[in-house]
>>> print(open('data38.txt').read())   # compact mmCIF, C-alpha atoms and all ligand atoms
# COMPACT_ATOMS: atom_id res chain seq x y z
CA MET O 479 5.00 -27.31 2.73
CA LEU O 480 6.13 -24.55 0.41
CA ILE O 481 6.12 -21.19 2.15
CA VAL O 482 6.96 -17.74 0.80
CA HIS O 483 8.45 -15.38 3.40
CA LYS O 484 8.61 -11.66 2.68
CA TYR O 485 10.82 -9.43 4.83
CA GLY O 486 10.25 -5.65 4.65
CA GLY O 487 12.74 -2.81 5.00
CA THR O 488 12.75 -2.62 8.79
CA SER O 489 13.27 -6.37 9.11
CA VAL O 490 16.43 -6.17 6.98
CA GLY O 491 17.38 -2.65 8.06
CA SER O 492 20.86 -3.50 9.39
CA LEU O 493 23.40 -6.33 9.17
CA GLU O 494 22.24 -7.57 12.60
CA ARG O 495 18.67 -7.70 11.37
CA ILE O 496 19.68 -9.61 8.25
CA GLU O 497 21.42 -12.00 10.65
CA ASN O 498 18.10 -12.37 12.52
CA VAL O 499 16.28 -13.13 9.25
CA THR O 500 18.96 -15.69 8.39
CA THR O 501 18.22 -17.52 11.64
CA ARG O 502 14.46 -17.48 11.01
CA VAL O 503 14.80 -18.74 7.45
CA ALA O 504 17.29 -21.45 8.43
CA LYS O 505 14.88 -22.64 11.13
CA ALA O 506 11.91 -22.80 8.75
CA LYS O 507 14.03 -24.75 6.27
CA LYS O 508 15.25 -27.20 8.94
CA GLU O 509 11.64 -27.88 9.88
CA GLY O 510 11.37 -29.51 6.45
CA ASN O 511 9.73 -26.75 4.40
CA ASP O 512 10.61 -25.45 0.98
CA ILE O 513 11.25 -21.73 1.38
CA VAL O 514 11.24 -18.83 -1.07
CA VAL O 515 12.21 -15.52 0.53
CA VAL O 516 11.31 -12.15 -1.00
CA VAL O 517 13.20 -9.17 0.40
CA SER O 518 12.85 -5.39 0.38
CA ALA O 519 15.71 -2.93 0.32
CA MET O 520 17.18 -2.04 3.73
CA SER O 521 14.92 0.62 5.31
CA GLY O 522 15.59 4.13 4.01
CA GLU O 523 17.56 2.79 1.05
CA THR O 524 14.91 3.38 -1.66
CA ASN O 525 14.34 6.95 -0.44
CA LYS O 526 18.09 7.55 -0.41
CA LEU O 527 18.37 6.41 -4.03
CA ILE O 528 15.47 8.70 -5.02
CA ASP O 529 17.27 11.63 -3.34
CA TYR O 530 20.43 10.77 -5.26
CA ALA O 531 18.54 10.92 -8.55
CA ASN O 532 16.87 14.21 -7.60
CA HIS O 533 20.31 15.70 -7.07
CA PHE O 534 20.80 15.48 -10.84
CA SER O 535 17.27 15.98 -12.12
CA SER O 536 13.86 17.06 -10.89
CA ASN O 537 12.29 14.80 -13.51
CA PRO O 538 14.57 11.79 -14.02
CA SER O 539 13.77 9.21 -16.69
CA LYS O 540 11.51 6.53 -15.25
CA ARG O 541 13.45 3.78 -16.97
CA GLU O 542 16.67 4.85 -15.26
CA MET O 543 14.84 5.24 -11.94
CA ASP O 544 13.84 1.59 -12.19
CA MET O 545 17.45 0.57 -12.89
CA LEU O 546 18.49 2.55 -9.84
CA LEU O 547 15.75 1.58 -7.38
CA SER O 548 15.87 -2.14 -8.19
CA SER O 549 19.44 -2.22 -6.88
CA GLY O 550 18.35 -1.78 -3.24
CA GLU O 551 16.55 -5.12 -3.15
CA ARG O 552 19.45 -6.89 -4.86
CA VAL O 553 21.83 -5.85 -2.10
CA THR O 554 19.62 -7.41 0.56
CA ALA O 555 18.95 -10.57 -1.45
CA SER O 556 22.62 -11.31 -2.04
CA LEU O 557 23.63 -10.53 1.55
CA LEU O 558 20.97 -12.89 2.85
CA ALA O 559 22.07 -15.65 0.46
CA ILE O 560 25.69 -15.24 1.56
CA ALA O 561 24.68 -15.33 5.25
CA LEU O 562 22.57 -18.47 4.74
CA GLN O 563 25.34 -20.27 2.85
CA GLU O 564 27.71 -19.42 5.69
CA GLN O 565 25.35 -21.26 8.05
CA GLY O 566 25.39 -24.30 5.79
CA VAL O 567 21.97 -23.64 4.25
CA PRO O 568 22.08 -23.98 0.43
CA ALA O 569 20.71 -20.70 -0.94
CA ILE O 570 20.63 -18.70 -4.15
CA ALA O 571 19.75 -15.03 -4.72
CA MET O 572 17.78 -14.04 -7.83
CA THR O 573 16.77 -10.78 -9.43
CA GLY O 574 13.16 -10.38 -10.52
CA ARG O 575 14.18 -11.28 -14.05
CA GLN O 576 16.01 -14.43 -12.99
CA ALA O 577 12.93 -15.44 -11.02
CA GLY O 578 10.91 -15.16 -14.25
CA ILE O 579 8.83 -12.07 -13.41
CA MET O 580 7.54 -10.32 -16.55
CA THR O 581 5.71 -6.99 -16.28
CA ASP O 582 4.10 -4.41 -18.53
CA ASN O 583 6.01 -1.28 -19.64
CA ASN O 584 4.70 1.10 -17.00
CA HIS O 585 8.04 2.07 -15.44
CA THR O 586 7.97 2.78 -11.66
CA TYR O 587 4.43 1.37 -11.35
CA ALA O 588 4.52 -1.77 -13.48
CA ARG O 589 1.98 -4.57 -13.31
CA ILE O 590 3.11 -8.20 -13.19
CA GLU O 591 1.85 -9.97 -16.32
CA THR O 592 3.30 -13.45 -16.03
CA ILE O 593 5.73 -15.44 -13.93
CA ASP O 594 7.67 -18.31 -15.44
CA PRO O 595 8.41 -20.40 -12.33
CA ARG O 596 10.73 -22.91 -14.01
CA ALA O 597 14.03 -21.39 -12.84
CA MET O 598 12.77 -21.13 -9.26
CA GLN O 599 11.32 -24.64 -9.39
CA LYS O 600 14.66 -26.06 -10.52
CA GLU O 601 16.51 -24.51 -7.56
CA LEU O 602 13.81 -25.66 -5.13
CA ASP O 603 14.10 -29.20 -6.51
CA GLU O 604 17.80 -29.04 -5.70
CA GLY O 605 16.92 -28.23 -2.10
CA LYS O 606 17.94 -24.57 -2.13
CA VAL O 607 16.34 -21.64 -0.37
CA ILE O 608 15.60 -19.01 -3.01
CA ILE O 609 15.99 -15.33 -2.17
CA VAL O 610 14.23 -13.10 -4.68
CA ALA O 611 14.90 -9.35 -4.87
CA GLY O 612 11.40 -7.91 -4.42
CA PHE O 613 9.71 -4.94 -6.12
CA GLN O 614 11.00 -5.69 -9.64
CA GLY O 615 10.64 -7.53 -12.92
CA ILE O 616 11.46 -6.90 -16.57
CA ASN O 617 9.34 -5.74 -19.47
CA GLU O 618 9.19 -7.25 -22.95
CA SER O 619 12.16 -5.20 -24.16
CA GLY O 620 14.27 -6.47 -21.27
CA SER O 621 14.36 -3.27 -19.22
CA VAL O 622 14.10 -3.52 -15.45
CA THR O 623 10.77 -2.30 -14.06
CA THR O 624 9.61 -1.69 -10.49
CA LEU O 625 6.17 -2.31 -9.03
CA GLY O 626 5.36 0.85 -7.07
CA ARG O 627 6.25 1.71 -3.47
CA GLY O 628 5.78 -1.18 -1.09
CA GLY O 629 5.87 -3.47 -4.15
CA SER O 630 7.82 -6.32 -2.54
CA ASP O 631 4.56 -7.45 -0.97
CA LEU O 632 3.21 -7.81 -4.50
CA SER O 633 6.28 -9.78 -5.64
CA ALA O 634 5.77 -12.17 -2.73
CA VAL O 635 2.08 -12.81 -3.44
CA ALA O 636 2.66 -13.23 -7.17
CA ILE O 637 5.45 -15.75 -6.55
CA ALA O 638 3.32 -17.61 -4.00
CA GLY O 639 0.60 -17.85 -6.64
CA ALA O 640 2.94 -18.97 -9.41
CA LEU O 641 4.52 -21.70 -7.24
CA ASN O 642 1.22 -22.70 -5.68
CA ALA O 643 2.68 -22.09 -2.20
CA ASP O 644 0.80 -23.08 0.95
CA ALA O 645 1.13 -19.59 2.44
CA CYS O 646 2.65 -16.17 1.86
CA GLU O 647 3.97 -14.80 5.16
CA ILE O 648 4.63 -11.05 5.24
CA TYR O 649 7.08 -10.14 8.00
CA SER O 650 7.34 -6.56 9.30
CA ASP O 651 7.80 -4.76 12.61
CA VAL O 652 4.19 -5.39 13.71
CA ASP O 653 2.89 -8.84 14.59
CA GLY O 654 -0.30 -8.63 12.55
CA ILE O 655 -3.13 -6.45 11.34
CA TYR O 656 -4.54 -4.23 14.08
CA THR O 657 -7.87 -2.41 14.33
CA THR O 658 -5.84 0.71 13.49
CA ASP O 659 -2.16 1.69 13.27
CA PRO O 660 -0.84 0.73 16.73
CA ARG O 661 1.68 3.56 16.51
CA ILE O 662 -1.23 6.03 16.57
CA GLU O 663 -3.54 4.16 18.97
CA PRO O 664 -1.68 1.89 21.40
CA LYS O 665 -5.06 0.45 22.45
CA ALA O 666 -5.55 -1.03 18.94
CA LYS O 667 -6.29 -4.76 18.98
CA LYS O 668 -4.70 -7.41 16.82
CA MET O 669 -7.10 -9.43 14.66
CA ASP O 670 -6.72 -13.19 14.14
CA PHE O 671 -8.39 -12.92 10.75
CA ILE O 672 -9.45 -10.25 8.28
CA SER O 673 -11.18 -10.69 4.91
CA TYR O 674 -9.44 -9.81 1.64
CA ASP O 675 -12.02 -7.12 0.95
CA GLU O 676 -11.62 -5.37 4.28
CA MET O 677 -7.84 -5.59 4.10
CA LEU O 678 -7.92 -4.23 0.57
CA GLU O 679 -9.96 -1.23 1.74
CA LEU O 680 -7.71 -0.61 4.76
CA ALA O 681 -4.58 -0.84 2.60
CA SER O 682 -6.02 1.35 -0.17
CA LEU O 683 -7.14 3.91 2.40
CA GLY O 684 -3.69 4.33 3.92
CA ALA O 685 -2.84 1.39 6.22
CA LYS O 686 0.52 0.70 4.62
CA VAL O 687 1.08 -2.52 6.56
CA LEU O 688 0.28 -4.37 3.31
CA GLN O 689 0.49 -2.94 -0.20
CA ASN O 690 -3.04 -2.76 -1.65
CA ARG O 691 -2.23 -4.40 -4.99
CA SER O 692 -0.75 -7.38 -3.18
CA VAL O 693 -4.03 -7.95 -1.32
CA GLU O 694 -6.02 -7.62 -4.52
CA LEU O 695 -3.81 -10.23 -6.21
CA ALA O 696 -3.96 -12.56 -3.20
CA LYS O 697 -7.75 -12.49 -3.43
CA LYS O 698 -7.68 -13.16 -7.15
CA LEU O 699 -5.21 -16.06 -6.88
CA ASN O 700 -6.63 -17.27 -3.56
CA VAL O 701 -3.24 -16.99 -1.85
CA LYS O 702 -3.37 -17.28 1.94
CA MET O 703 -1.54 -14.23 3.34
CA VAL O 704 -0.32 -14.07 6.93
CA ALA O 705 0.97 -10.82 8.47
CA LYS O 706 3.64 -11.55 11.10
CA SER O 707 6.50 -9.93 13.00
CA SER O 708 10.13 -10.70 12.21
CA PHE O 709 10.98 -9.84 15.82
CA SER O 710 8.70 -12.29 17.64
CA ASP O 711 7.02 -15.67 17.28
CA ALA O 712 3.49 -14.30 17.78
CA GLU O 713 0.69 -15.89 15.73
CA GLY O 714 -0.02 -13.13 13.23
CA THR O 715 -3.16 -12.30 11.24
CA VAL O 716 -4.55 -14.41 8.40
CA ILE O 717 -5.97 -12.55 5.40
CA GLY O 718 -8.49 -14.73 3.57
CA GLU O 719 -11.96 -15.22 2.14
CA GLU O 720 -14.84 -13.62 4.05
CA THR O 721 -16.97 -16.04 6.09
CA GLU O 722 -20.68 -15.75 6.75
CA ASP O 723 -20.58 -14.83 10.43
CA MET O 724 -18.32 -11.87 9.65
CA GLU O 725 -21.20 -9.52 8.97
CA ALA O 726 -21.81 -9.67 12.72
CA VAL O 727 -18.73 -7.46 13.10
CA LEU O 728 -19.82 -3.95 12.28
CA VAL O 729 -16.48 -2.18 11.89
CA SER O 730 -13.13 -3.90 11.73
CA GLY O 731 -10.69 -1.02 11.45
CA ILE O 732 -9.79 2.65 11.03
CA ALA O 733 -7.30 3.82 8.39
CA LEU O 734 -5.44 7.10 7.97
CA ASP O 735 -4.00 8.52 4.75
CA ARG O 736 -1.87 11.63 5.24
CA ASN O 737 -0.87 11.81 1.58
CA GLN O 738 -3.91 13.87 0.52
CA ALA O 739 -4.41 17.34 -0.89
CA ARG O 740 -7.52 19.29 -1.73
CA VAL O 741 -8.18 21.47 -4.76
CA THR O 742 -11.13 23.87 -4.93
CA ILE O 743 -11.99 25.50 -8.24
CA ARG O 744 -13.97 28.69 -7.62
CA GLU O 745 -16.74 30.27 -9.72
CA VAL O 746 -17.13 27.41 -12.14
CA SER O 747 -19.85 28.08 -14.75
CA ASP O 748 -22.74 25.83 -13.84
CA LYS O 749 -23.44 24.31 -17.25
CA PRO O 750 -23.10 20.89 -18.87
CA GLY O 751 -19.64 19.72 -19.89
CA ILE O 752 -17.42 21.65 -17.47
CA ALA O 753 -16.88 18.83 -14.97
CA ALA O 754 -16.33 16.48 -17.90
CA GLU O 755 -13.61 18.72 -19.28
CA VAL O 756 -11.88 19.34 -15.92
CA PHE O 757 -11.73 15.69 -14.95
CA SER O 758 -10.80 14.41 -18.41
CA LYS O 759 -7.84 16.78 -18.50
CA LEU O 760 -6.75 15.71 -15.03
CA ALA O 761 -6.98 12.04 -16.01
CA LYS O 762 -5.04 12.63 -19.22
CA ASN O 763 -2.25 14.16 -17.12
CA ASN O 764 -2.17 11.17 -14.77
CA VAL O 765 -3.73 12.96 -11.80
CA ASN O 766 -5.71 10.47 -9.71
CA VAL O 767 -8.80 12.22 -8.42
CA ASP O 768 -10.39 10.64 -5.37
CA MET O 769 -13.30 12.48 -3.72
CA ILE O 770 -15.31 15.12 -5.54
CA ILE O 771 -17.75 17.66 -4.14
CA GLN O 772 -19.83 20.23 -6.03
CA ASN O 773 -21.75 22.93 -4.21
CA ALA O 774 -25.22 24.10 -5.20
CA SER O 775 -25.18 26.88 -7.75
CA THR O 776 -25.13 30.48 -6.47
CA THR O 777 -27.39 33.23 -7.81
CA ASP O 778 -24.78 34.29 -10.39
CA GLY O 779 -24.92 30.83 -11.97
CA THR O 780 -21.52 29.65 -10.80
CA THR O 781 -20.51 26.95 -8.35
CA ASN O 782 -17.44 25.66 -6.50
CA LEU O 783 -15.95 22.33 -7.46
CA GLY O 784 -13.72 20.59 -4.92
CA PHE O 785 -11.73 17.38 -5.19
CA THR O 786 -8.86 15.54 -3.56
CA VAL O 787 -5.68 14.15 -5.14
CA PRO O 788 -2.58 12.44 -3.71
CA ALA O 789 -0.34 15.19 -2.26
CA SER O 790 2.43 14.11 -4.63
CA GLU O 791 0.18 14.97 -7.62
CA LEU O 792 -0.89 18.42 -6.40
CA ASP O 793 1.63 20.32 -8.56
CA GLN O 794 0.47 18.42 -11.61
CA ALA O 795 -3.19 19.17 -10.80
CA LYS O 796 -2.31 22.83 -10.33
CA SER O 797 -0.73 23.11 -13.79
CA VAL O 798 -3.71 21.42 -15.41
CA ILE O 799 -6.18 23.86 -13.82
CA GLU O 800 -3.94 26.86 -14.46
CA ALA O 801 -3.97 26.00 -18.16
CA PHE O 802 -7.78 26.23 -18.13
CA ASP O 803 -8.68 29.44 -19.95
CA HIS O 804 -12.46 29.59 -19.64
CA ASP O 805 -15.42 29.19 -17.29
CA ILE O 806 -13.54 29.19 -13.98
CA GLY O 807 -12.77 32.00 -11.54
CA GLY O 808 -9.71 30.68 -9.71
CA MET O 809 -8.49 27.93 -7.42
CA ASP O 810 -7.40 27.23 -3.84
CA LEU O 811 -4.96 24.48 -2.88
CA ASP O 812 -4.64 22.84 0.51
CA ASP O 813 -2.16 20.10 1.26
CA SER O 814 -2.78 20.14 5.01
CA VAL O 815 -5.68 17.71 4.86
CA CYS O 816 -5.86 13.97 5.51
CA LYS O 817 -8.36 11.18 5.02
CA VAL O 818 -9.70 9.04 7.87
CA SER O 819 -11.76 5.97 7.02
CA VAL O 820 -13.91 3.47 8.86
CA VAL O 821 -13.95 -0.02 7.28
CA GLY O 822 -16.15 -3.04 7.94
CA VAL O 823 -18.12 -5.64 5.97
CA GLY O 824 -20.88 -5.42 8.59
CA MET O 825 -21.87 -2.01 7.19
CA LYS O 826 -23.53 -3.82 4.30
CA SER O 827 -26.36 -4.88 6.57
CA HIS O 828 -26.40 -2.23 9.32
CA ALA O 829 -27.60 1.37 9.28
CA GLY O 830 -26.10 4.22 11.29
CA VAL O 831 -22.40 3.42 10.94
CA ALA O 832 -21.64 6.70 9.18
CA ALA O 833 -23.72 8.73 11.63
CA THR O 834 -21.68 7.33 14.54
CA ALA O 835 -18.49 8.58 12.86
CA PHE O 836 -19.90 12.05 12.17
CA CYS O 837 -21.16 12.41 15.76
CA ALA O 838 -17.85 11.26 17.23
CA LEU O 839 -15.87 13.80 15.20
CA ALA O 840 -18.39 16.56 15.94
CA GLU O 841 -17.98 15.97 19.66
CA GLU O 842 -14.26 16.70 19.26
CA ASN O 843 -15.09 19.75 17.15
CA ILE O 844 -13.40 18.25 14.10
CA ASN O 845 -14.90 19.64 10.90
CA ILE O 846 -15.56 17.16 8.09
CA GLU O 847 -14.71 18.76 4.74
CA MET O 848 -15.70 15.92 2.42
CA ILE O 849 -17.32 12.51 2.73
CA SER O 850 -17.43 9.44 0.53
CA THR O 851 -18.93 6.04 1.22
CA SER O 852 -19.04 2.59 -0.30
CA GLU O 853 -20.68 -0.64 0.81
CA ILE O 854 -17.96 -1.33 3.35
CA LYS O 855 -16.33 2.03 4.14
CA VAL O 856 -16.90 5.64 5.13
CA SER O 857 -14.09 8.11 4.33
CA MET O 858 -13.81 11.68 5.58
CA ILE O 859 -11.44 14.51 4.68
CA ILE O 860 -10.40 16.60 7.70
CA ALA O 861 -7.59 19.02 8.62
CA GLU O 862 -4.34 17.12 9.01
CA LYS O 863 -3.66 18.56 12.46
CA TYR O 864 -6.56 16.47 13.78
CA ALA O 865 -5.40 13.22 12.14
CA GLU O 866 -4.35 11.30 15.23
CA LEU O 867 -7.15 12.62 17.43
CA ALA O 868 -9.69 11.60 14.77
CA VAL O 869 -8.25 8.08 14.48
CA ARG O 870 -8.37 7.57 18.26
CA THR O 871 -11.84 9.09 18.53
CA LEU O 872 -13.28 6.89 15.77
CA HIS O 873 -11.51 3.83 17.17
CA ALA O 874 -13.18 4.38 20.54
CA SER O 875 -16.58 5.23 19.07
CA TYR O 876 -16.93 1.73 17.61
CA ASP O 877 -15.56 0.12 20.80
CA LEU O 878 -12.59 -1.29 18.89
CA ASP O 879 -10.44 -0.96 22.00
CA LYS O 880 -12.75 -3.28 23.98
P1 LIG O 901 7.70 -3.06 5.84
O1 LIG O 901 8.74 -1.99 5.78
O2 LIG O 901 8.15 -4.30 6.52
O3 LIG O 901 7.05 -3.31 4.51
P2 LIG O 901 5.64 -1.24 6.63
O4 LIG O 901 6.30 -0.09 7.33
O5 LIG O 901 5.28 -1.09 5.19
O6 LIG O 901 6.56 -2.51 6.81
O7 LIG O 901 4.34 -1.68 7.44
C1 LIG O 901 4.37 -1.86 8.85
C2 LIG O 901 3.77 -0.64 9.55
O8 LIG O 901 2.39 -0.49 9.17
C3 LIG O 901 3.72 -0.73 11.04
O9 LIG O 901 4.91 -0.28 11.64
C4 LIG O 901 2.50 0.12 11.43
O10 LIG O 901 2.88 1.36 11.98
C5 LIG O 901 1.80 0.39 10.11
N1 LIG O 901 0.36 0.13 10.16
C6 LIG O 901 -0.60 0.99 9.66
N2 LIG O 901 -1.81 0.51 9.86
C7 LIG O 901 -1.69 -0.67 10.50
C8 LIG O 901 -2.62 -1.65 10.99
N3 LIG O 901 -3.96 -1.51 10.84
N4 LIG O 901 -2.12 -2.77 11.60
C9 LIG O 901 -0.80 -2.95 11.73
N5 LIG O 901 0.13 -2.05 11.30
C10 LIG O 901 -0.29 -0.93 10.70
N1 LIG O 902 11.92 -0.82 -1.41
C1 LIG O 902 10.64 -0.49 -2.00
C2 LIG O 902 10.01 0.66 -1.23
O1 LIG O 902 10.59 1.19 -0.31
C3 LIG O 902 9.72 -1.67 -2.10
C4 LIG O 902 9.34 -2.34 -0.79
O2 LIG O 902 9.98 -2.09 0.23
O3 LIG O 902 8.41 -3.13 -0.79
O4 LIG O 902 8.93 1.09 -1.59
MG MG O 903 5.50 -2.34 3.40
>>> encode(input="data38.txt", output="structure tokens")
Amino acid sequence: MLIVHKYGGTSVGSLERIENVTTRVAKAKKEGNDIVVVVSAMSGETNKLIDYANHFSSNPSKREMDMLLSSGERVTASLLAIALQEQGVPAIAMTGRQAGIMTDNNHTYARIETIDPRAMQKELDEGKVIIVAGFQGINESGSVTTLGRGGSDLSAVAIAGALNADACEIYSDVDGIYTTDPRIEPKAKKMDFISYDEMLELASLGAKVLQNRSVELAKKLNVKMVAKSSFSDAEGTVIGEETEDMEAVLVSGIALDRNQARVTIREVSDKPGIAAEVFSKLAKNNVNVDMIIQNASTTDGTTNLGFTVPASELDQAKSVIEAFDHDIGGMDLDDSVCKVSVVGVGMKSHAGVAATAFCALAEENINIEMISTSEIKVSMIIAEKYAELAVRTLHASYDLDK
């Protein structure tokens, strides 16, 4: 079997933990498997490098940021290769480029375009364990690019696809996918299986256990993902294609995204073209708008227009709106909000799922500021101070702790 292992920051967070990974990889290799390992930077390392850059500039060049940030993963990859060799396991560390990973030019959030697996295949044929520095590739002009935060998961899935691996095992400090973040709700239950679509929603809505783009790619390439712990031998959770009996399960999980902010534009002229102009300008300035709410018009012919953006893009949104010189009265900003979401494929065929969520939050006196729904999710914006209470309340209201 050919298996891709991916070890996240916590799993390689110290020399002792890299030692632990060495033992696990050596064991998997001895069992007769071909192994490609993808590693993250040691935990905290990427943030430390970002702080270093911010010491010199509040707006550093994205190309240089990619040069800088890609170094964290290289440290881990080479240390792991050295440790494996010391145990008599033939191993070779590779950068993203050496592993053949080509991306587009979108520095700090690049998309993988192609992977040329020949260099990796050659080393595998020679019996070596390959350790690839995650989170990185190169663009057509040869500059290093990175794949967005949490991007080593994406490297691992893309490599598993390119090498036609039997599985892509993502190792972290939790032993699988739970009905919600077990750090917030200790009663959360581990799932044996979750569909790509549900996992993609959970990940996109804040459950950072897997990076959302990695799940999307796994679905597209039909890569079997398994979420496992690097600290235990527990079974883990398989992420795969939805099966027919799954619609029997109404709700599979609750996600929380704290990285949200709300903008309200006051006294917006209620006439055609204003929303178009506001949201086109935001898009042009790379502000990702999520939920939108527009109130009914007041007697003076104006309305309020509210929307949410990632908290990290609030300053950018503010400058765009400030530059608006007509048809709006003013704006309010609030970065103390969060988004809680209920996810489940069973919602497709059952009524009342959203109402259960609204009632549960109402009983705790938690005000819902905005709502959005899709076929398999209900998301609500609430005050951030209620985040954990809301997650636990929703979790219980669908009996996920039973
Ligand atoms: P790594 O650093 O290895 O990439 P992450 O920190 O990105 O690991 O992801 C693991 C964390 O994801 C866990 O510690 C857990 O708190 C969090 N998490 C959030 N939602 C869930 C969930 N539904 N199931 C399991 N873990 C979750
Ligand atoms: N080191 C990068 C990050 O912290 C990528 C990853 O860990 O997957 O976001
Ligand atoms: Mg992660």
>>> atom_distance(input="data38.txt", atom1="CA of Phe836 in chain O", atom2="CA of Ser857 in chain O")
10.5 Å
>>> closest_atom_pairs(input="data38.txt", of="chain O", to="ligand LIG 901 (chain O)", cutoff="6 Å", atoms="only C-alpha atoms and all ligand atoms", output="JSON lines")
{"residue": "O:Gly486", "atom": "CA", "partner": "O:LIG901", "partner_atom": "O2", "distance": 3.1}
{"residue": "O:Gly487", "atom": "CA", "partner": "O:LIG901", "partner_atom": "O1", "distance": 4.2}
{"residue": "O:Thr488", "atom": "CA", "partner": "O:LIG901", "partner_atom": "O1", "distance": 5.1}
{"residue": "O:Ser650", "atom": "CA", "partner": "O:LIG901", "partner_atom": "O2", "distance": 3.7}
{"residue": "O:Asp651", "atom": "CA", "partner": "O:LIG901", "partner_atom": "O9", "distance": 5.4}
{"residue": "O:Val652", "atom": "CA", "partner": "O:LIG901", "partner_atom": "C3", "distance": 5.4}
{"residue": "O:Gly654", "atom": "CA", "partner": "O:LIG901", "partner_atom": "C9", "distance": 5.8}
{"residue": "O:Ile655", "atom": "CA", "partner": "O:LIG901", "partner_atom": "N4", "distance": 3.8}
{"residue": "O:Tyr656", "atom": "CA", "partner": "O:LIG901", "partner_atom": "N4", "distance": 3.8}
{"residue": "O:Thr657", "atom": "CA", "partner": "O:LIG901", "partner_atom": "N3", "distance": 5.3}
{"residue": "O:Thr658", "atom": "CA", "partner": "O:LIG901", "partner_atom": "N3", "distance": 3.9}
{"residue": "O:Asp659", "atom": "CA", "partner": "O:LIG901", "partner_atom": "N2", "distance": 3.6}
{"residue": "O:Arg661", "atom": "CA", "partner": "O:LIG901", "partner_atom": "O10", "distance": 5.2}
{"residue": "O:Ala685", "atom": "CA", "partner": "O:LIG901", "partner_atom": "N2", "distance": 3.9}
{"residue": "O:Lys686", "atom": "CA", "partner": "O:LIG901", "partner_atom": "O8", "distance": 5.1}
{"residue": "O:Val687", "atom": "CA", "partner": "O:LIG901", "partner_atom": "O7", "distance": 3.5}
>>> atom_distance(input="data38.txt", atom1="CA of Asp653 in chain O", atom2="CA of Lys668 in chain O")
8.0 Å
>>> closest_atom_pairs(input="data38.txt", of="chain O", to="ligand LIG 902 (chain O)", cutoff="12 Å", atoms="only C-alpha atoms and all ligand atoms", output="tab-separated table")
residue	atom	partner	partner_atom	distance
O:Lys484	CA	O:LIG902	O3	9.2
O:Tyr485	CA	O:LIG902	O2	8.7
O:Gly486	CA	O:LIG902	O2	5.7
O:Gly487	CA	O:LIG902	O2	5.6
O:Thr488	CA	O:LIG902	O2	9.0
O:Ser489	CA	O:LIG902	O2	10.4
O:Val490	CA	O:LIG902	O2	10.2
O:Gly491	CA	O:LIG902	O2	10.8
O:Val516	CA	O:LIG902	O3	9.5
O:Val517	CA	O:LIG902	O2	7.8
O:Ser518	CA	O:LIG902	O2	4.4
O:Ala519	CA	O:LIG902	N1	4.7
O:Met520	CA	O:LIG902	N1	7.5
O:Ser521	CA	O:LIG902	O1	7.1
O:Gly522	CA	O:LIG902	O1	7.2
O:Glu523	CA	O:LIG902	N1	7.1
O:Thr524	CA	O:LIG902	O1	5.0
O:Asn525	CA	O:LIG902	O1	6.9
O:Lys526	CA	O:LIG902	O1	9.8
O:Leu527	CA	O:LIG902	N1	10.0
O:Ile528	CA	O:LIG902	O1	10.1
O:Asp544	CA	O:LIG902	C1	10.9
O:Leu546	CA	O:LIG902	N1	11.2
O:Leu547	CA	O:LIG902	N1	7.5
O:Ser548	CA	O:LIG902	N1	8.0
O:Ser549	CA	O:LIG902	N1	9.4
O:Gly550	CA	O:LIG902	N1	6.8
O:Glu551	CA	O:LIG902	N1	6.6
O:Arg552	CA	O:LIG902	N1	10.3
O:Val553	CA	O:LIG902	N1	11.1
O:Thr554	CA	O:LIG902	N1	10.3
O:Thr586	CA	O:LIG902	O4	10.3
O:Tyr587	CA	O:LIG902	O4	10.8
O:Ala611	CA	O:LIG902	C3	9.7
O:Gly612	CA	O:LIG902	O3	6.7
O:Phe613	CA	O:LIG902	C3	5.2
O:Gln614	CA	O:LIG902	C3	8.6
O:Thr624	CA	O:LIG902	C3	8.4
O:Leu625	CA	O:LIG902	C3	7.8
O:Gly626	CA	O:LIG902	O4	6.5
O:Arg627	CA	O:LIG902	O4	3.3
O:Gly628	CA	O:LIG902	O3	3.3
O:Gly629	CA	O:LIG902	O3	4.2
O:Ser630	CA	O:LIG902	O3	3.7
O:Asp631	CA	O:LIG902	O3	5.8
O:Leu632	CA	O:LIG902	O3	7.9
O:Ser633	CA	O:LIG902	O3	8.5
O:Ala634	CA	O:LIG902	O3	9.6
O:Val635	CA	O:LIG902	O3	11.9
O:Ile648	CA	O:LIG902	O3	10.6
O:Tyr649	CA	O:LIG902	O3	11.3
O:Ser650	CA	O:LIG902	O2	10.5
O:Lys686	CA	O:LIG902	O3	10.3
O:Val687	CA	O:LIG902	O3	10.4
O:Leu688	CA	O:LIG902	O3	9.2
O:Gln689	CA	O:LIG902	O3	7.9
O:Asn690	CA	O:LIG902	O3	11.5
O:Arg691	CA	O:LIG902	O3	11.5
O:Ser692	CA	O:LIG902	O3	10.4
>>> closest_residue(input="data38.txt", among="O:Ile849, O:Arg744, O:Ala681, O:Glu719", to="ligand MG 903 (chain O)", atoms="only C-alpha atoms and all ligand atoms")
O:Ala681
>>> residues_around(input="data38.txt", residues="Met479 in chain O", least_positions_apart="6", cutoff="10 Å", atoms="only C-alpha atoms", output="ChimeraX atom specification")
/O:509-513,643-645
>>> atom_distance(input="data38.txt", atom1="CA of Ile560 in chain O", atom2="CA of Ile579 in chain O")
22.8 Å
>>> residues_around(input="data38.txt", residues="range 593-608 of chain O", least_positions_apart="6", cutoff="7 Å", atoms="all atoms listed in the file", output="ChimeraX atom specification")
/O:512-515,568-571,577-580,640-641
>>> residues_near_point(input="data38.txt", point="(-12.1, 16.1, 21.8)", cutoff="12 Å", atoms="all atoms listed in the file", output="ChimeraX atom specification")
/O:837-845,864,866-872,874
